[in-house]
file my_file_39.pdb (PDB, C-alpha atoms and all ligand atoms)
MODEL        1
ATOM      1  CA  MET A   1     -28.631 -29.419-207.324
ATOM      2  CA  GLY A   2     -28.960 -25.702-206.686
ATOM      3  CA  GLU A   3     -27.523 -22.661-208.420
ATOM      4  CA  VAL A   4     -24.499 -22.533-206.185
ATOM      5  CA  SER A   5     -23.112 -25.920-207.101
ATOM      6  CA  ASP A   6     -23.642 -25.260-210.794
ATOM      7  CA  GLU A   7     -21.163 -22.409-210.590
ATOM      8  CA  LEU A   8     -18.498 -24.664-209.161
ATOM      9  CA  GLU A   9     -16.535 -27.369-210.837
ATOM     10  CA  GLY A  10     -18.340 -30.645-210.236
ATOM     11  CA  SER A  11     -15.713 -32.664-212.013
ATOM     12  CA  VAL A  12     -12.112 -32.459-212.981
ATOM     13  CA  GLN A  13     -11.868 -32.123-216.730
ATOM     14  CA  ASP A  14      -9.069 -33.617-218.862
ATOM     15  CA  GLN A  15      -8.856 -36.621-216.500
ATOM     16  CA  GLU A  16     -10.888 -39.769-216.586
ATOM     17  CA  ALA A  17     -13.207 -40.217-213.612
ATOM     18  CA  MET A  18     -12.733 -43.464-211.652
ATOM     19  CA  VAL A  19     -15.902 -42.760-209.701
ATOM     20  CA  GLU A  20     -18.980 -41.242-211.269
ATOM     21  CA  VAL A  21     -22.095 -40.546-209.236
ATOM     22  CA  ALA A  22     -25.034 -38.950-211.034
ATOM     23  CA  GLY A  23     -28.412 -37.899-209.669
ATOM     24  CA  LEU A  24     -28.317 -40.523-206.953
ATOM     25  CA  VAL A  25     -31.540 -40.835-204.943
ATOM     26  CA  ARG A  26     -32.389 -43.109-202.041
ATOM     27  CA  ARG A  27     -35.593 -43.038-200.009
ATOM     28  CA  TYR A  28     -36.479 -44.642-196.698
ATOM     29  CA  GLY A  29     -40.266 -44.471-196.632
ATOM     30  CA  GLU A  30     -41.106 -40.775-196.714
ATOM     31  CA  LEU A  31     -37.549 -39.732-196.015
ATOM     32  CA  LEU A  32     -35.274 -38.678-198.879
ATOM     33  CA  ALA A  33     -31.985 -39.810-197.367
ATOM     34  CA  VAL A  34     -30.046 -39.011-200.561
ATOM     35  CA  ASP A  35     -31.601 -36.458-202.868
ATOM     36  CA  GLY A  36     -29.958 -36.165-206.290
ATOM     37  CA  VAL A  37     -26.271 -36.402-205.437
ATOM     38  CA  SER A  38     -23.686 -36.069-208.243
ATOM     39  CA  PHE A  39     -19.898 -35.963-208.158
ATOM     40  CA  GLU A  40     -16.808 -37.456-209.781
ATOM     41  CA  VAL A  41     -13.469 -38.612-208.450
ATOM     42  CA  CYS A  42     -10.318 -39.133-210.530
ATOM     43  CA  ALA A  43      -7.220 -41.253-210.026
ATOM     44  CA  GLY A  44      -4.778 -39.634-207.611
ATOM     45  CA  GLU A  45      -7.508 -37.555-206.039
ATOM     46  CA  ILE A  46      -9.045 -37.431-202.563
ATOM     47  CA  PHE A  47     -12.698 -36.442-202.514
ATOM     48  CA  GLY A  48     -14.289 -35.618-199.164
ATOM     49  CA  LEU A  49     -17.982 -36.044-198.513
ATOM     50  CA  LEU A  50     -18.568 -33.559-195.764
ATOM     51  CA  GLY A  51     -21.698 -33.326-193.665
ATOM     52  CA  PRO A  52     -23.243 -33.556-190.203
ATOM     53  CA  ASN A  53     -24.903 -36.681-188.796
ATOM     54  CA  GLY A  54     -27.887 -37.744-190.856
ATOM     55  CA  ALA A  55     -26.761 -35.807-193.957
ATOM     56  CA  GLY A  56     -26.759 -38.965-196.087
ATOM     57  CA  LYS A  57     -23.018 -39.732-196.219
ATOM     58  CA  SER A  58     -23.235 -43.416-195.306
ATOM     59  CA  THR A  59     -26.226 -44.011-197.567
ATOM     60  CA  THR A  60     -24.352 -42.445-200.506
ATOM     61  CA  LEU A  61     -21.194 -44.472-199.855
ATOM     62  CA  ARG A  62     -23.158 -47.703-199.372
ATOM     63  CA  MET A  63     -24.756 -47.223-202.795
ATOM     64  CA  LEU A  64     -21.318 -46.595-204.299
ATOM     65  CA  ALA A  65     -20.070 -49.771-202.606
ATOM     66  CA  THR A  66     -22.968 -51.840-204.124
ATOM     67  CA  LEU A  67     -24.434 -52.650-200.685
ATOM     68  CA  ILE A  68     -27.745 -50.909-201.344
ATOM     69  CA  GLN A  69     -29.408 -49.863-204.573
ATOM     70  CA  PRO A  70     -30.410 -46.345-205.588
ATOM     71  CA  ASP A  71     -34.067 -45.518-206.272
ATOM     72  CA  SER A  72     -32.869 -43.437-209.206
ATOM     73  CA  GLY A  73     -29.664 -42.076-210.661
ATOM     74  CA  PHE A  74     -26.548 -44.227-210.924
ATOM     75  CA  ALA A  75     -23.054 -44.743-209.614
ATOM     76  CA  LYS A  76     -20.148 -46.106-211.634
ATOM     77  CA  VAL A  77     -16.698 -47.309-210.658
ATOM     78  CA  CYS A  78     -14.119 -47.484-213.454
ATOM     79  CA  GLY A  79     -17.051 -47.317-215.846
ATOM     80  CA  PHE A  80     -18.934 -50.253-214.264
ATOM     81  CA  ASP A  81     -22.443 -49.724-212.978
ATOM     82  CA  THR A  82     -22.895 -50.501-209.274
ATOM     83  CA  VAL A  83     -26.241 -52.223-209.866
ATOM     84  CA  ARG A  84     -25.824 -54.075-213.167
ATOM     85  CA  GLN A  85     -22.096 -54.813-212.829
ATOM     86  CA  SER A  86     -21.735 -55.035-209.074
ATOM     87  CA  GLU A  87     -19.228 -57.894-209.231
ATOM     88  CA  GLN A  88     -16.799 -55.858-211.384
ATOM     89  CA  VAL A  89     -17.302 -52.892-209.068
ATOM     90  CA  ARG A  90     -16.605 -54.925-205.927
ATOM     91  CA  ARG A  91     -13.295 -56.155-207.324
ATOM     92  CA  ARG A  92     -12.133 -52.572-207.816
ATOM     93  CA  ILE A  93     -13.202 -51.027-204.531
ATOM     94  CA  GLY A  94     -12.170 -51.285-200.921
ATOM     95  CA  PHE A  95     -14.995 -50.237-198.613
ATOM     96  CA  GLN A  96     -14.352 -49.554-194.972
ATOM     97  CA  THR A  97     -16.783 -48.534-192.259
ATOM     98  CA  GLY A  98     -16.592 -48.456-188.501
ATOM     99  CA  ASP A  99     -19.089 -51.341-188.404
ATOM    100  CA  THR A 100     -16.522 -53.867-189.578
ATOM    101  CA  GLN A 101     -16.093 -56.598-186.962
ATOM    102  CA  LEU A 102     -12.662 -58.022-186.228
ATOM    103  CA  TYR A 103     -12.155 -61.492-184.801
ATOM    104  CA  GLU A 104     -11.288 -60.843-181.194
ATOM    105  CA  ARG A 105      -9.139 -63.900-180.647
ATOM    106  CA  LEU A 106      -6.933 -63.422-183.728
ATOM    107  CA  THR A 107      -3.947 -61.096-183.945
ATOM    108  CA  PRO A 108      -4.111 -58.433-186.699
ATOM    109  CA  VAL A 109      -1.778 -60.439-188.932
ATOM    110  CA  GLU A 110      -3.701 -63.688-188.386
ATOM    111  CA  PHE A 111      -6.914 -61.831-189.131
ATOM    112  CA  LEU A 112      -5.544 -60.343-192.359
ATOM    113  CA  ARG A 113      -4.125 -63.713-193.431
ATOM    114  CA  TYR A 114      -7.481 -65.355-192.760
ATOM    115  CA  PHE A 115      -9.257 -62.799-194.945
ATOM    116  CA  SER A 116      -6.726 -63.111-197.735
ATOM    117  CA  ARG A 117      -7.574 -66.834-197.882
ATOM    118  CA  LEU A 118     -11.309 -66.152-197.892
ATOM    119  CA  GLN A 119     -10.667 -63.905-200.893
ATOM    120  CA  ASP A 120      -8.590 -66.619-202.584
ATOM    121  CA  MET A 121      -5.557 -64.382-202.806
ATOM    122  CA  GLU A 122      -2.381 -66.056-203.963
ATOM    123  CA  ARG A 123      -0.254 -66.725-200.832
ATOM    124  CA  GLY A 124       2.899 -64.895-201.897
ATOM    125  CA  LEU A 125       0.929 -61.885-202.989
ATOM    126  CA  ALA A 126      -1.110 -61.898-199.760
ATOM    127  CA  LYS A 127       2.074 -62.044-197.677
ATOM    128  CA  GLU A 128       3.564 -59.086-199.530
ATOM    129  CA  ARG A 129       0.371 -57.090-199.252
ATOM    130  CA  ILE A 130      -0.059 -57.776-195.535
ATOM    131  CA  GLU A 131       3.556 -56.772-194.890
ATOM    132  CA  HIS A 132       2.998 -53.535-196.793
ATOM    133  CA  LEU A 133      -0.229 -52.665-194.960
ATOM    134  CA  VAL A 134       1.186 -53.556-191.535
ATOM    135  CA  GLU A 135       4.055 -51.195-192.283
ATOM    136  CA  ALA A 136       2.064 -48.392-193.920
ATOM    137  CA  LEU A 137      -0.665 -48.302-191.264
ATOM    138  CA  ASP A 138       1.859 -48.774-188.466
ATOM    139  CA  ILE A 139       0.183 -51.938-187.230
ATOM    140  CA  LYS A 140       3.622 -53.373-186.370
ATOM    141  CA  ALA A 141       3.652 -52.091-182.803
ATOM    142  CA  PHE A 142       0.598 -54.200-181.906
ATOM    143  CA  ALA A 143       0.749 -56.886-184.587
ATOM    144  CA  GLY A 144       1.223 -59.669-182.031
ATOM    145  CA  ARG A 145      -1.723 -58.733-179.804
ATOM    146  CA  ARG A 146      -5.245 -60.078-180.119
ATOM    147  CA  CYS A 147      -7.713 -57.807-181.937
ATOM    148  CA  GLY A 148     -10.043 -57.913-178.930
ATOM    149  CA  SER A 149      -7.496 -56.081-176.798
ATOM    150  CA  LEU A 150      -6.754 -53.245-179.251
ATOM    151  CA  SER A 151      -7.837 -49.615-178.905
ATOM    152  CA  THR A 152     -10.498 -48.180-181.236
ATOM    153  CA  GLY A 153      -7.831 -46.441-183.332
ATOM    154  CA  GLN A 154      -5.777 -49.619-183.639
ATOM    155  CA  GLN A 155      -8.838 -51.666-184.596
ATOM    156  CA  GLN A 156      -9.768 -49.048-187.161
ATOM    157  CA  ARG A 157      -6.359 -49.389-188.827
ATOM    158  CA  VAL A 158      -6.707 -53.179-188.979
ATOM    159  CA  SER A 159     -10.168 -52.780-190.458
ATOM    160  CA  ILE A 160      -8.787 -50.433-193.150
ATOM    161  CA  ALA A 161      -6.029 -52.949-193.933
ATOM    162  CA  ARG A 162      -8.672 -55.658-194.321
ATOM    163  CA  ALA A 163     -10.698 -53.556-196.759
ATOM    164  CA  LEU A 164      -7.606 -52.828-198.862
ATOM    165  CA  LEU A 165      -6.006 -56.295-198.950
ATOM    166  CA  HIS A 166      -6.685 -56.722-202.671
ATOM    167  CA  ASP A 167      -5.096 -53.326-203.419
ATOM    168  CA  PRO A 168      -8.211 -51.827-205.012
ATOM    169  CA  GLU A 169      -8.102 -48.870-207.406
ATOM    170  CA  VAL A 170     -10.869 -47.038-205.565
ATOM    171  CA  LEU A 171     -10.927 -46.545-201.784
ATOM    172  CA  ILE A 172     -14.229 -45.768-200.088
ATOM    173  CA  LEU A 173     -14.018 -44.960-196.397
ATOM    174  CA  ASP A 174     -16.965 -44.000-194.228
ATOM    175  CA  GLU A 175     -15.738 -41.707-191.433
ATOM    176  CA  PRO A 176     -12.390 -43.486-191.107
ATOM    177  CA  THR A 177     -11.266 -41.270-188.223
ATOM    178  CA  SER A 178     -14.563 -41.097-186.357
ATOM    179  CA  GLY A 179     -13.992 -41.286-182.606
ATOM    180  CA  LEU A 180     -10.214 -41.469-182.904
ATOM    181  CA  ASP A 181      -7.564 -39.440-181.103
ATOM    182  CA  ILE A 182      -5.368 -37.153-183.195
ATOM    183  CA  ILE A 183      -2.430 -39.566-183.281
ATOM    184  CA  SER A 184      -4.484 -42.435-184.676
ATOM    185  CA  SER A 185      -6.222 -40.026-187.060
ATOM    186  CA  GLN A 186      -2.866 -38.786-188.328
ATOM    187  CA  PHE A 187      -1.752 -42.311-189.202
ATOM    188  CA  ILE A 188      -4.870 -42.785-191.272
ATOM    189  CA  LEU A 189      -4.728 -39.394-192.988
ATOM    190  CA  GLU A 190      -1.062 -39.905-193.834
ATOM    191  CA  PHE A 191      -1.820 -43.367-195.184
ATOM    192  CA  LEU A 192      -4.542 -41.934-197.447
ATOM    193  CA  ARG A 193      -2.051 -39.379-198.769
ATOM    194  CA  GLN A 194       0.331 -42.211-199.651
ATOM    195  CA  GLU A 195      -2.454 -44.076-201.424
ATOM    196  CA  ARG A 196      -3.231 -40.928-203.406
ATOM    197  CA  GLU A 197       0.431 -40.819-204.465
ATOM    198  CA  ARG A 198      -0.002 -44.397-205.695
ATOM    199  CA  GLY A 199      -2.726 -43.137-208.019
ATOM    200  CA  LYS A 200      -5.771 -44.357-206.106
ATOM    201  CA  ALA A 201      -9.095 -42.572-206.272
ATOM    202  CA  ILE A 202     -10.248 -41.979-202.700
ATOM    203  CA  VAL A 203     -13.690 -41.068-201.397
ATOM    204  CA  PHE A 204     -14.062 -40.555-197.692
ATOM    205  CA  SER A 205     -16.714 -39.048-195.488
ATOM    206  CA  THR A 206     -16.276 -36.931-192.400
ATOM    207  CA  HIS A 207     -18.100 -34.445-190.226
ATOM    208  CA  ILE A 208     -14.781 -32.967-189.114
ATOM    209  CA  MET A 209     -14.144 -29.801-191.116
ATOM    210  CA  SER A 210     -10.455 -29.460-190.195
ATOM    211  CA  GLU A 211      -9.800 -32.949-191.488
ATOM    212  CA  ALA A 212     -11.384 -32.186-194.827
ATOM    213  CA  GLU A 213      -9.342 -28.996-194.979
ATOM    214  CA  LEU A 214      -6.125 -30.962-194.470
ATOM    215  CA  LEU A 215      -6.806 -33.843-196.788
ATOM    216  CA  CYS A 216      -9.231 -33.192-199.633
ATOM    217  CA  ASP A 217      -8.364 -32.184-203.157
ATOM    218  CA  ARG A 218     -12.045 -31.554-203.715
ATOM    219  CA  LEU A 219     -15.041 -31.862-201.478
ATOM    220  CA  GLY A 220     -18.792 -31.991-201.513
ATOM    221  CA  MET A 221     -20.912 -30.422-198.805
ATOM    222  CA  LEU A 222     -23.837 -32.660-198.012
ATOM    223  CA  HIS A 223     -26.853 -31.471-196.041
ATOM    224  CA  GLN A 224     -30.251 -33.184-195.748
ATOM    225  CA  GLY A 225     -29.417 -35.495-198.627
ATOM    226  CA  GLN A 226     -28.394 -32.730-201.019
ATOM    227  CA  LEU A 227     -24.941 -31.767-202.198
ATOM    228  CA  MET A 228     -24.985 -28.036-201.658
ATOM    229  CA  MET A 229     -21.583 -27.431-203.237
ATOM    230  CA  VAL A 230     -18.837 -29.376-204.938
ATOM    231  CA  GLY A 231     -15.375 -28.017-205.609
ATOM    232  CA  THR A 232     -11.864 -27.403-204.382
ATOM    233  CA  MET A 233     -11.368 -25.845-200.989
ATOM    234  CA  ALA A 234     -10.390 -22.573-202.672
ATOM    235  CA  SER A 235     -13.480 -22.501-204.889
ATOM    236  CA  VAL A 236     -15.802 -23.289-201.972
ATOM    237  CA  LEU A 237     -14.300 -20.508-199.865
ATOM    238  CA  GLU A 238     -14.426 -18.079-202.741
ATOM    239  CA  ASN A 239     -17.983 -18.962-203.641
ATOM    240  CA  THR A 240     -19.249 -18.479-200.093
ATOM    241  CA  GLY A 241     -16.976 -15.505-199.355
ATOM    242  CA  GLN A 242     -15.753 -17.196-196.180
ATOM    243  CA  GLN A 243     -12.339 -17.821-194.614
ATOM    244  CA  SER A 244     -12.907 -21.275-193.180
ATOM    245  CA  LEU A 245     -14.688 -24.423-194.236
ATOM    246  CA  THR A 246     -16.910 -24.351-191.148
ATOM    247  CA  LYS A 247     -18.146 -20.868-192.031
ATOM    248  CA  ALA A 248     -18.492 -21.830-195.680
ATOM    249  CA  PHE A 249     -20.633 -24.795-194.684
ATOM    250  CA  LEU A 250     -22.935 -22.651-192.538
ATOM    251  CA  GLU A 251     -23.196 -20.094-195.344
ATOM    252  CA  ALA A 252     -24.123 -22.829-197.823
ATOM    253  CA  ILE A 253     -26.845 -24.087-195.459
ATOM    254  CA  ALA A 254     -28.231 -20.564-195.068
ATOM    255  CA  ARG A 255     -28.394 -20.199-198.864
ATOM    256  CA  GLN A 256     -30.066 -23.565-199.251
ATOM    257  CA  ASP A 257     -32.682 -22.646-196.617
ATOM    258  CA  GLU A 258     -33.285 -19.335-198.403
ATOM    259  CA  ARG A 259     -33.904 -21.133-201.687
ATOM    260  CA  ARG A 260     -36.306 -23.521-199.961
ATOM    261  CA  ASP A 261     -38.208 -20.625-198.396
ATOM    262  CA  GLU A 262     -38.474 -18.941-201.796
ATOM    263  CA  VAL A 263     -39.833 -22.129-203.337
ATOM    264  CA  ALA A 264     -42.269 -22.578-200.430
ATOM    265  CA  SER A 265     -43.577 -18.984-200.585
ATOM    266  CA  GLY A 266     -43.866 -19.300-204.382
ATOM    267  CA  ASP A 267     -45.989 -22.409-203.879
ATOM    268  CA  ALA A 268     -48.130 -20.667-201.274
ATOM    269  CA  ARG A 269     -48.908 -17.769-203.639
ATOM    270  CA  ARG A 270     -50.048 -20.071-206.393
TER     271      ARG A 270
HETATM  272  P1  LIG A 301     -24.850 -39.894-192.286
HETATM  273  O1  LIG A 301     -23.998 -41.065-192.630
HETATM  274  O2  LIG A 301     -24.482 -38.652-193.030
HETATM  275  O3  LIG A 301     -24.923 -39.648-190.810
HETATM  276  P2  LIG A 301     -27.017 -41.610-193.193
HETATM  277  O4  LIG A 301     -26.759 -41.842-194.623
HETATM  278  O5  LIG A 301     -26.644 -42.685-192.236
HETATM  279  O6  LIG A 301     -26.350 -40.220-192.767
HETATM  280  O7  LIG A 301     -28.550 -41.313-192.982
HETATM  281  C1  LIG A 301     -29.271 -40.372-193.758
HETATM  282  C2  LIG A 301     -30.704 -40.389-193.318
HETATM  283  O8  LIG A 301     -31.299 -41.630-193.690
HETATM  284  C3  LIG A 301     -30.890 -40.272-191.805
HETATM  285  O9  LIG A 301     -32.050 -39.502-191.564
HETATM  286  C4  LIG A 301     -31.090 -41.705-191.371
HETATM  287  O10 LIG A 301     -31.863 -41.773-190.199
HETATM  288  C5  LIG A 301     -31.808 -42.310-192.548
HETATM  289  N1  LIG A 301     -31.504 -43.746-192.724
HETATM  290  C6  LIG A 301     -30.305 -44.274-192.992
HETATM  291  N2  LIG A 301     -30.364 -45.616-193.103
HETATM  292  C7  LIG A 301     -31.664 -45.941-192.877
HETATM  293  C8  LIG A 301     -32.381 -47.186-192.853
HETATM  294  N3  LIG A 301     -31.776 -48.355-193.086
HETATM  295  N4  LIG A 301     -33.698 -47.147-192.602
HETATM  296  C9  LIG A 301     -34.336 -45.956-192.388
HETATM  297  N5  LIG A 301     -33.715 -44.765-192.405
HETATM  298  C10 LIG A 301     -32.400 -44.734-192.649
HETATM  299 MG    MG A 302     -22.784 -42.237-191.419
ENDMDL
END
call {"tool": "encode", "arguments": {"input": "my_file_39.pdb", "output": "structure tokens"}}
result
Amino acid sequence: MGEVSDELEGSVQDQEAMVEVAGLVRRYGELLAVDGVSFEVCAGEIFGLLGPNGAGKSTTLRMLATLIQPDSGFAKVCGFDTVRQSEQVRRRIGFQTGDTQLYERLTPVEFLRYFSRLQDMERGLAKERIEHLVEALDIKAFAGRRCGSLSTGQQQRVSIARALLHDPEVLILDEPTSGLDIISSQFILEFLRQERERGKAIVFSTHIMSEAELLCDRLGMLHQGQLMMVGTMASVLENTGQQSLTKAFLEAIARQDERRDEVASGDARR
């Protein structure tokens, strides 16, 4: 991490972190997809991983969700290591991505019921949970239709409900509003606010600056695998001397490029 991020708060003190990511690295051949990423997320907090396409958001979240392993560094959920204690981690997280496939011929409720059985959830508990999610994500209006006939935004809400059936303590969502209209997005953002009120730790990624502005308690700006800055909206704006998150992001990139140029010209002189 660079000088800039060191000046900002990388973690919230006096509270215990539910998610701890430290020096996470992941390579694909020559490419450093994730290059030393560190951040923490506490209960009742929404952390936004903000960055353009290819920044390394999905790779970071997939490591946190135990789906792929880091080359170095570590990630912990409620103190459990994602590599050595992946089973404990999986029980405590709900991971949602746009890739999740629904079963076209089932209705949302049938689909959720089916998954609750796969997960061996107790029937009464599953029923209660499905009712809550159908209500909270406003799935009611289309609960009787087959998943195959739903809009992208509707499918996305069902896919979020599926990921959160077991009421996990930590929610990990990879671009939950990607490609959605503002109405569908609003449902999801409002739902995440409710989950925050319930004390969940929430990590979500987005490339939409306005969304991060609306939702995040703290955010990390990811660019070319590196977290350029971590902090509250106010601290990021103050640190970059900018009025908006978009401008702050561009300023952070300019500073990062400057640092790289300095390193490169230093190397050349040697
Ligand atoms: P984001 O989610 O921010 O768009 P990703 O984490 O998907 O970014 O990708 C980060 C970088 O890693 C990109 O350059 C991408 O092409 C590369 N990458 C991601 N997954 C793979 C993979 N399975 N194999 C090779 N390269 C990958
Ligand atoms: Mg992605």
call {"tool": "residues_near_ligand", "arguments": {"input": "my_file_39.pdb", "ligand": "ligand MG 302 (chain A)", "cutoff": "8 Å", "atoms": "all atoms listed in the file", "output": "PyMOL selection string"}}
result
chain A and resi 53-59+174-175+205
call {"tool": "write_last_selection", "arguments": {"input": "my_file_39.pdb", "atoms": "C-alpha atoms", "output": "PDB file, in the frame of the given file"}}
result
ATOM      1  CA  ASN A  53     -24.903 -36.681-188.796  1.00  0.00           C
ATOM      2  CA  GLY A  54     -27.887 -37.744-190.856  1.00  0.00           C
ATOM      3  CA  ALA A  55     -26.761 -35.807-193.957  1.00  0.00           C
ATOM      4  CA  GLY A  56     -26.759 -38.965-196.087  1.00  0.00           C
ATOM      5  CA  LYS A  57     -23.018 -39.732-196.219  1.00  0.00           C
ATOM      6  CA  SER A  58     -23.235 -43.416-195.306  1.00  0.00           C
ATOM      7  CA  THR A  59     -26.226 -44.011-197.567  1.00  0.00           C
ATOM      8  CA  ASP A 174     -16.965 -44.000-194.228  1.00  0.00           C
ATOM      9  CA  GLU A 175     -15.738 -41.707-191.433  1.00  0.00           C
ATOM     10  CA  SER A 205     -16.714 -39.048-195.488  1.00  0.00           C
TER      11      SER A 205
END
call {"tool": "atom_distance", "arguments": {"input": "my_file_39.pdb", "atom1": "atom CA of Arg91 of chain A", "atom2": "atom O5 of ligand LIG 301 (chain A)"}}
result
24.2 Å
call {"tool": "axis_aligned_box", "arguments": {"input": "my_file_39.pdb", "around": "ligand LIG 301 (chain A)", "padding_each_side": "3 Å", "output": "JSON"}}
result
{"center_x": -29.2, "center_y": -43.5, "center_z": -192.4, "size_x": 16.3, "size_y": 15.7, "size_z": 10.4}
call {"tool": "resolve_selection", "arguments": {"input": "my_file_39.pdb", "expression": "the PyMOL selection byres (((chain A and resi 152-156) around 9) and not hetatm)", "output": "PDB file with C-alpha atoms, in the coordinates of the input"}}
result
ATOM      1  CA  THR A  97     -16.783 -48.534-192.259  1.00  0.00           C
ATOM      2  CA  GLY A  98     -16.592 -48.456-188.501  1.00  0.00           C
ATOM      3  CA  THR A 100     -16.522 -53.867-189.578  1.00  0.00           C
ATOM      4  CA  LEU A 102     -12.662 -58.022-186.228  1.00  0.00           C
ATOM      5  CA  PRO A 108      -4.111 -58.433-186.699  1.00  0.00           C
ATOM      6  CA  ILE A 139       0.183 -51.938-187.230  1.00  0.00           C
ATOM      7  CA  PHE A 142       0.598 -54.200-181.906  1.00  0.00           C
ATOM      8  CA  CYS A 147      -7.713 -57.807-181.937  1.00  0.00           C
ATOM      9  CA  GLY A 148     -10.043 -57.913-178.930  1.00  0.00           C
ATOM     10  CA  LEU A 150      -6.754 -53.245-179.251  1.00  0.00           C
ATOM     11  CA  SER A 151      -7.837 -49.615-178.905  1.00  0.00           C
ATOM     12  CA  ARG A 157      -6.359 -49.389-188.827  1.00  0.00           C
ATOM     13  CA  VAL A 158      -6.707 -53.179-188.979  1.00  0.00           C
ATOM     14  CA  SER A 159     -10.168 -52.780-190.458  1.00  0.00           C
ATOM     15  CA  ILE A 160      -8.787 -50.433-193.150  1.00  0.00           C
ATOM     16  CA  ALA A 161      -6.029 -52.949-193.933  1.00  0.00           C
ATOM     17  CA  PRO A 176     -12.390 -43.486-191.107  1.00  0.00           C
ATOM     18  CA  THR A 177     -11.266 -41.270-188.223  1.00  0.00           C
ATOM     19  CA  GLY A 179     -13.992 -41.286-182.606  1.00  0.00           C
ATOM     20  CA  LEU A 180     -10.214 -41.469-182.904  1.00  0.00           C
ATOM     21  CA  ASP A 181      -7.564 -39.440-181.103  1.00  0.00           C
ATOM     22  CA  ILE A 183      -2.430 -39.566-183.281  1.00  0.00           C
ATOM     23  CA  SER A 184      -4.484 -42.435-184.676  1.00  0.00           C
ATOM     24  CA  SER A 185      -6.222 -40.026-187.060  1.00  0.00           C
ATOM     25  CA  ILE A 188      -4.870 -42.785-191.272  1.00  0.00           C
TER      26      ILE A 188
END
call {"tool": "resolve_selection", "arguments": {"input": "my_file_39.pdb", "expression": "the PyMOL selection byres (((chain A and resi 43) around 8) and not hetatm)", "output": "PyMOL selection string"}}
result
chain A and resi 16-18+41-42+44-45+196+199-202
call {"tool": "residues_around", "arguments": {"input": "my_file_39.pdb", "residues": "Thr107 of chain A", "least_positions_apart": "4", "cutoff": "9 Å", "atoms": "only C-alpha atoms", "output": "ChimeraX atom specification"}}
result
/A:103,111-112,142-148
call {"tool": "write_last_selection", "arguments": {"input": "my_file_39.pdb", "atoms": "C-alpha atoms", "output": "mmCIF file, in the frame of the given file"}}
result
data_model
loop_
_atom_site.group_PDB
_atom_site.id
_atom_site.type_symbol
_atom_site.label_atom_id
_atom_site.label_comp_id
_atom_site.auth_asym_id
_atom_site.auth_seq_id
_atom_site.Cartn_x
_atom_site.Cartn_y
_atom_site.Cartn_z
ATOM 1 C CA TYR A 103 -12.155 -61.492 -184.801
ATOM 2 C CA PHE A 111 -6.914 -61.831 -189.131
ATOM 3 C CA LEU A 112 -5.544 -60.343 -192.359
ATOM 4 C CA PHE A 142 0.598 -54.200 -181.906
ATOM 5 C CA ALA A 143 0.749 -56.886 -184.587
ATOM 6 C CA GLY A 144 1.223 -59.669 -182.031
ATOM 7 C CA ARG A 145 -1.723 -58.733 -179.804
ATOM 8 C CA ARG A 146 -5.245 -60.078 -180.119
ATOM 9 C CA CYS A 147 -7.713 -57.807 -181.937
ATOM 10 C CA GLY A 148 -10.043 -57.913 -178.930
#
call {"tool": "atom_distance", "arguments": {"input": "my_file_39.pdb", "atom1": "atom CA of Glu30 of chain A", "atom2": "atom CA of Met63 of chain A"}}
result
18.6 Å
call {"tool": "residues_around", "arguments": {"input": "my_file_39.pdb", "residues": "Glu213 of chain A", "least_positions_apart": "5", "cutoff": "12 Å", "atoms": "all atoms listed in the file", "output": "number ranges by chain"}}
result
A: 46-50, 189, 206-208, 218-220, 232-234, 236-237, 243-246, 248
call {"tool": "closest_residue", "arguments": {"input": "my_file_39.pdb", "among": "A:Arg255, A:Lys140, A:Lys247, A:Arg162", "to": "Tyr114 of chain A", "atoms": "all atoms listed in the file"}}
result
A:Arg162
call {"tool": "atom_distance", "arguments": {"input": "my_file_39.pdb", "atom1": "atom O6 of ligand LIG 301 (chain A)", "atom2": "atom CA of Ala22 of chain A"}}
result
18.4 Å
call {"tool": "closest_residue", "arguments": {"input": "my_file_39.pdb", "among": "A:Ala252, A:Met221, A:Ile130, A:Arg198", "to": "Phe115 of chain A", "atoms": "all atoms listed in the file"}}
result
A:Ile130
call {"tool": "closest_residue", "arguments": {"input": "my_file_39.pdb", "among": "A:Leu137, A:Leu222, A:Leu67, A:Val170", "to": "ligand LIG 301 (chain A)", "atoms": "all atoms listed in the file"}}
result
A:Leu222
call {"tool": "resolve_selection", "arguments": {"input": "my_file_39.pdb", "expression": "the PyMOL selection byres (((chain A and resi 37) around 12) and not hetatm)", "output": "VMD selection string"}}
result
chain A and resid 1 to 2 5 10 20 to 26 32 to 36 38 to 40 49 55 to 57 59 to 61 63 to 64 70 72 to 75 220 to 230
call {"tool": "residues_around", "arguments": {"input": "my_file_39.pdb", "residues": "Cys78 of chain A", "least_positions_apart": "2", "cutoff": "7 Å", "atoms": "only C-alpha atoms", "output": "VMD selection string"}}
result
chain A and resid 18 to 19 76 80
call {"tool": "closest_residue", "arguments": {"input": "my_file_39.pdb", "among": "A:Gly79, A:Gly51, A:Pro168, A:Gly231", "to": "ligand LIG 301 (chain A)", "atoms": "all atoms listed in the file"}}
result
A:Gly51
